[in-house]
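Step one of this worksheet: look at the structure below.
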Amino acid sequence: MQKLIIADANPHEARVALLENGKLVEVQLETRGQERLVGNIYKGRVANILPGMQAAFVDIGLNKNAFLYAGDILVDESDFYFPDNGEEETVRPKLDVPNIQDILNPNQEIMVQVLKQPGGTKGARVTTHITLPGRLVVLMPTVNHVGVSRRIENEEERERLKEMVEGIKPSGVGVIVRTVADGCDAEHIGSEIKFLNRLWEKIQEKADFLTAPRLIHAEETLLFRTVRDMFTEDVEKFIINDTDYYNKVVAVVNIVAPEMKGKVSLFESEENIFDAYDIETKIEKALERKVWIKNGCYLVIDETEALTVIDVNTGKYIGEDNLQDTILNANIEAAHEIARQLRLRDLSGIIVIDFIDMDNVENKQKVVDALTEALKCDRVKTNVLGMTELGLVEMTRKKTRRKISALTQTTCPCCSGSGRVFNLETMAMRVRREVLRVIKKQASGAFVVEISEELVSFIASENNINKPILPLFEDKRFYMKTIKNVHPEYIKVYAATDKSLLSGTQMFL
């Protein structure tokens, strides 16, 4: 598989795209002043405790207090369990969650790390279980455990790495070996563990001298996170369009992976780098509700606050002679595209997929297996729960950052996020009702009706079967005034008390 990392960097914004065989599969954006908070370490102050929710709100110096669940508070090592498969960056609390009131007190100062970005009405979610990610390992200074990434499947290699790390790590700290460390020797892994341990000591020293709320340690910027997390041996090229950032990235690569220095290159053309690799248009398509697949099927993706719903439709795909084979092939093709769209849009949380109905149980399992296999390329943890009796596939995807739609779009001022407005027929009737409402309150012989350009044309149309829409009165006249670039549902009716108010209007007979 051919992998390319394309970086568009300038002093105001950084954008990184990952291409696999020419297809855009991941996009990350970071605007100056709106950097990602996940991974940041703060010294916070407990603002208030909610015993009924077994949680606390912590002031970390942001606009909204952070949310700290009792299960995310590390009391001692026994409060956590470690999966046998060595999850890459996850150590999960046991089911027996201690009482929040026995752990925290109001105004207590604690060190916390951001787990989830703040969004909407919610503040950031934080934990006291600190992790410091490196390129090869993740240091967990608050627990004593060694784990190996579940993506390293060779059992002999897993055992080798685990024994090696147990012999070189400082006592009392934990280490998770990341996927990229597969095949690495003790010298490289040991030097990174030492670096991360020194970083932790500096963080502790800084926390001792600062008062809450205060930022103690900020996560790396997007380009350097890209070098750490995405720039692996299977990437053929890492192309950057800015000379300064290119030099900085080369300097970092020289330190963490000098053997890959030759893969970093500078894009020297004056053309927009995302245009050169046809990425701009693909990003725009990633924001569309309907996604066409090459075989003629299409997906409809609807994002809500609580979950994402994906509907699979046959569209133009007619398949072969056998109906069940046609449906199976369409669903399998859709499963591969869904896996790509999840990565591209960075969708997370609960995801429900409505595949085309299938009668054969074996075919249903083939579709679930195809989706699971396609998701193996996803760096973010996913969990496919299977297909329900209604034929819906339920899955979850870990939330690590804000989805691309939240980063690049805002709520429509016309429809307020619903995606729909009243049609012209309904609006015409609303105009009629508003006119009747106003003329009952104001004694005047002439009234101005301000509406959108499209609505004026509709009401004045000779083909309108409901004409006259505006009521007829012997002693009253109505003048329609076109308001350009206005909300489609805008209506304003007022008495024409002065002839100057009739300027730019047309009389409705």
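In the structure tokens, the first chain shown is A, the next is B, and so on; residue numbers restart at 1 for each chain, and ligands run from 1 in the order shown.
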- Query: Near Ile152 (chain A), counting only C-alpha atoms, which residues have an atom at most 9 Å away, once you skip same-chain residues fewer than 3 positions from it, shown as a list in words?
  - Reply: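 Counting only C-alpha atoms, the residues come to Val148, Ser149, Glu155, Glu157, Arg158, Arg178, Thr179, Val180 and Asp182 of chain A.
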- Message: What parts of region 17-266 of chain A does DSSP call helix (DSSP H, G or I)? I'd like the answer as an MDAnalysis selection string.
- Response: chainID A and resid 51:53 70:72 77:79 100:103 155:168 179:181 186:209 222:229 243:256 258:263
- Item | Tyr246 (chain A) surroundings by only C-alpha atoms, 9 Å radius, close-in-sequence under 5 positions cut, as a PyMOL selection string | chain A and resi 239-241+251+264-266
Pull N, CA and C atoms from the residues just selected and write them as a PDB file, in the first residue's frame.
```pdb
ATOM      1  N   ILE A 239       5.656  15.091   2.646  1.00  0.00           N
ATOM      2  CA  ILE A 239       5.895  16.280   1.819  1.00  0.00           C
ATOM      3  C   ILE A 239       5.336  17.510   2.512  1.00  0.00           C
ATOM      4  N   ILE A 240       6.161  18.545   2.670  1.00  0.00           N
ATOM      5  CA  ILE A 240       5.783  19.784   3.372  1.00  0.00           C
ATOM      6  C   ILE A 240       6.013  20.963   2.440  1.00  0.00           C
ATOM      7  N   ASN A 241       5.120  21.948   2.484  1.00  0.00           N
ATOM      8  CA  ASN A 241       5.219  23.077   1.552  1.00  0.00           C
ATOM      9  C   ASN A 241       5.874  24.315   2.145  1.00  0.00           C
ATOM     10  N   ALA A 251      14.698  18.199  11.514  1.00  0.00           N
ATOM     11  CA  ALA A 251      15.477  18.168  12.757  1.00  0.00           C
ATOM     12  C   ALA A 251      14.907  17.154  13.744  1.00  0.00           C
ATOM     13  N   VAL A 264      11.492  12.696   3.947  1.00  0.00           N
ATOM     14  CA  VAL A 264      10.907  14.030   4.125  1.00  0.00           C
ATOM     15  C   VAL A 264      11.368  14.913   2.973  1.00  0.00           C
ATOM     16  N   SER A 265      10.434  15.552   2.280  1.00  0.00           N
ATOM     17  CA  SER A 265      10.798  16.392   1.145  1.00  0.00           C
ATOM     18  C   SER A 265      10.033  17.710   1.174  1.00  0.00           C
ATOM     19  N   LEU A 266      10.600  18.713   0.533  1.00  0.00           N
ATOM     20  CA  LEU A 266      10.016  20.053   0.481  1.00  0.00           C
ATOM     21  C   LEU A 266       9.278  20.238  -0.845  1.00  0.00           C
TER      22      LEU A 266
END
```
- Item | Residue neighbourhood region 22-28 of chain A, 7 Å, only C-alpha atoms, exclusion window fewer than 3 positions, as a ChimeraX atom specification | /A:15-19,340,343-344
- All residues 10 Å or closer to region 429-445 of chain A, only C-alpha atoms, same chain fewer than 3 positions away omitted, as a PyMOL selection string: chain A and resi 422+424-426+448-451+455+459+466+468-471+473-478+489-497
- Message: Going by DSSP on the backbone, which residues of region 286-501 of chain A come out as strand (DSSP E)? List them as number ranges by chain.
- Response: A: 290-292, 298-303, 307-313, 349-354, 382-387, 392-397, 446-452, 477-483, 492-495
I'd like the neighbourhood of Ala56 (chain A) as an mmCIF file with all heavy atoms, in the first residue's frame, where a residue qualifies if any of its atoms comes within 9 Å (using only C-alpha atoms), though same-chain residues fewer than 6 positions away should be ignored.
```cif
data_model
loop_
_atom_site.group_PDB
_atom_site.id
_atom_site.type_symbol
_atom_site.label_atom_id
_atom_site.label_comp_id
_atom_site.auth_asym_id
_atom_site.auth_seq_id
_atom_site.Cartn_x
_atom_site.Cartn_y
_atom_site.Cartn_z
ATOM 1 N N VAL A 46 -10.247 21.753 42.374
ATOM 2 C CA VAL A 46 -11.584 21.171 42.411
ATOM 3 C C VAL A 46 -12.594 22.275 42.703
ATOM 4 O O VAL A 46 -12.564 22.883 43.778
ATOM 5 C CB VAL A 46 -11.682 20.056 43.468
ATOM 6 C CG1 VAL A 46 -13.104 19.497 43.508
ATOM 7 C CG2 VAL A 46 -10.679 18.944 43.164
ATOM 8 N N ALA A 47 -13.464 22.544 41.736
ATOM 9 C CA ALA A 47 -14.449 23.620 41.895
ATOM 10 C C ALA A 47 -15.647 23.152 42.711
ATOM 11 O O ALA A 47 -16.090 23.834 43.637
ATOM 12 C CB ALA A 47 -14.899 24.128 40.530
ATOM 13 N N ASN A 48 -16.183 22.007 42.374
ATOM 14 C CA ASN A 48 -17.301 21.433 43.130
ATOM 15 C C ASN A 48 -17.399 19.944 42.868
ATOM 16 O O ASN A 48 -16.946 19.441 41.838
ATOM 17 C CB ASN A 48 -18.626 22.135 42.808
ATOM 18 C CG ASN A 48 -18.945 22.121 41.339
ATOM 19 O OD1 ASN A 48 -18.075 22.342 40.499
ATOM 20 N ND2 ASN A 48 -20.189 21.857 40.996
ATOM 21 N N ILE A 49 -17.995 19.242 43.835
ATOM 22 C CA ILE A 49 -18.128 17.781 43.768
ATOM 23 C C ILE A 49 -19.599 17.427 43.647
ATOM 24 O O ILE A 49 -20.446 18.006 44.342
ATOM 25 C CB ILE A 49 -17.503 17.125 45.015
ATOM 26 C CG1 ILE A 49 -16.002 17.421 45.068
ATOM 27 C CG2 ILE A 49 -17.752 15.616 45.026
ATOM 28 C CD1 ILE A 49 -15.315 16.944 46.327
ATOM 29 N N LEU A 50 -19.900 16.484 42.741
ATOM 30 C CA LEU A 50 -21.281 16.048 42.517
ATOM 31 C C LEU A 50 -21.401 14.588 42.936
ATOM 32 O O LEU A 50 -21.164 13.679 42.132
ATOM 33 C CB LEU A 50 -21.658 16.213 41.049
ATOM 34 C CG LEU A 50 -21.408 17.597 40.425
ATOM 35 C CD1 LEU A 50 -21.694 17.557 38.935
ATOM 36 C CD2 LEU A 50 -22.231 18.662 41.114
ATOM 37 N N ALA A 66 -13.474 21.596 33.738
ATOM 38 C CA ALA A 66 -13.298 20.241 33.215
ATOM 39 C C ALA A 66 -14.078 19.251 34.062
ATOM 40 O O ALA A 66 -14.318 19.462 35.250
ATOM 41 C CB ALA A 66 -11.821 19.880 33.191
ATOM 42 N N PHE A 67 -14.459 18.135 33.418
ATOM 43 C CA PHE A 67 -15.253 17.095 34.077
ATOM 44 C C PHE A 67 -14.327 15.944 34.460
ATOM 45 O O PHE A 67 -13.613 15.396 33.617
ATOM 46 C CB PHE A 67 -16.347 16.602 33.129
ATOM 47 C CG PHE A 67 -17.221 15.515 33.699
ATOM 48 C CD1 PHE A 67 -18.278 15.836 34.527
ATOM 49 C CD2 PHE A 67 -16.989 14.183 33.401
ATOM 50 C CE1 PHE A 67 -19.097 14.843 35.044
ATOM 51 C CE2 PHE A 67 -17.791 13.188 33.910
ATOM 52 C CZ PHE A 67 -18.856 13.521 34.747
ATOM 53 N N LEU A 68 -14.332 15.583 35.742
ATOM 54 C CA LEU A 68 -13.487 14.492 36.240
ATOM 55 C C LEU A 68 -14.370 13.428 36.871
ATOM 56 O O LEU A 68 -14.977 13.649 37.928
ATOM 57 C CB LEU A 68 -12.473 15.020 37.258
ATOM 58 C CG LEU A 68 -11.584 13.975 37.949
ATOM 59 C CD1 LEU A 68 -10.710 13.245 36.928
ATOM 60 C CD2 LEU A 68 -10.704 14.642 39.004
ATOM 61 N N TYR A 69 -14.462 12.265 36.227
ATOM 62 C CA TYR A 69 -15.261 11.151 36.741
ATOM 63 C C TYR A 69 -14.445 10.395 37.778
ATOM 64 O O TYR A 69 -13.215 10.295 37.683
ATOM 65 C CB TYR A 69 -15.639 10.235 35.568
ATOM 66 C CG TYR A 69 -16.340 8.963 35.961
ATOM 67 C CD1 TYR A 69 -17.535 8.994 36.682
ATOM 68 C CD2 TYR A 69 -15.803 7.720 35.625
ATOM 69 C CE1 TYR A 69 -18.181 7.816 37.042
ATOM 70 C CE2 TYR A 69 -16.444 6.543 35.979
ATOM 71 C CZ TYR A 69 -17.630 6.599 36.694
ATOM 72 O OH TYR A 69 -18.259 5.442 37.059
ATOM 73 N N ALA A 70 -15.133 9.849 38.774
ATOM 74 C CA ALA A 70 -14.443 9.136 39.862
ATOM 75 C C ALA A 70 -13.592 7.995 39.325
ATOM 76 O O ALA A 70 -12.507 7.708 39.842
ATOM 77 C CB ALA A 70 -15.461 8.620 40.876
ATOM 78 N N ILE A 100 -16.492 9.410 45.215
ATOM 79 C CA ILE A 100 -15.812 10.666 44.875
ATOM 80 C C ILE A 100 -15.518 11.519 46.100
ATOM 81 O O ILE A 100 -14.494 12.195 46.184
ATOM 82 C CB ILE A 100 -16.650 11.462 43.840
ATOM 83 C CG1 ILE A 100 -15.856 12.658 43.283
ATOM 84 C CG2 ILE A 100 -17.967 11.929 44.446
ATOM 85 C CD1 ILE A 100 -14.849 12.286 42.259
ATOM 86 N N LEU A 104 -11.688 13.298 46.811
ATOM 87 C CA LEU A 104 -11.444 14.717 46.569
ATOM 88 C C LEU A 104 -12.159 15.595 47.578
ATOM 89 O O LEU A 104 -13.180 15.206 48.152
ATOM 90 C CB LEU A 104 -11.900 15.095 45.159
ATOM 91 C CG LEU A 104 -11.227 14.407 43.970
ATOM 92 C CD1 LEU A 104 -11.835 14.889 42.668
ATOM 93 C CD2 LEU A 104 -9.722 14.665 43.969
#
```
- Determine the nearest neighbour of Ile273 (chain A) from the options A:Ala460, A:Ala7, A:Met1, A:Val112, counting only C-alpha atoms.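 Comparing A:Ala460, A:Ala7, A:Met1, A:Val112 against Ile273 (chain A), the winner is A:Ala7.
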With a distance cut-off of 6 Å and only C-alpha atoms, select the neighbouring residues of Val146 (chain A), excluding the residue or stretch itself and same-chain residues fewer than 4 positions from it, and output the selection as a PDB file with C-alpha atoms, in the first residue's frame.
```pdb
ATOM      1  CA  GLY A 174       4.570   1.916  33.560  1.00  0.00           C
ATOM      2  CA  VAL A 175       5.355   1.626  29.852  1.00  0.00           C
ATOM      3  CA  ILE A 176       3.197   0.693  26.884  1.00  0.00           C
TER       4      ILE A 176
END
```
- Message: For a quick check of understanding, using only C-alpha atoms, which of A:Lys194, A:Ile283, A:Val312, A:Arg45 has the smallest distance to Pro106 (chain A)?
- Response: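 For Pro106 (chain A), the nearest of the given residues is A:Arg45.
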- Message: Under the rule that only C-alpha atoms are counted, which of A:Gly386, A:Gly183, A:Gly262, A:Gly61 is the nearest residue to Glu156 (chain A)?
- Response: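 The answer is A:Gly183, which sits nearest to Glu156 (chain A).
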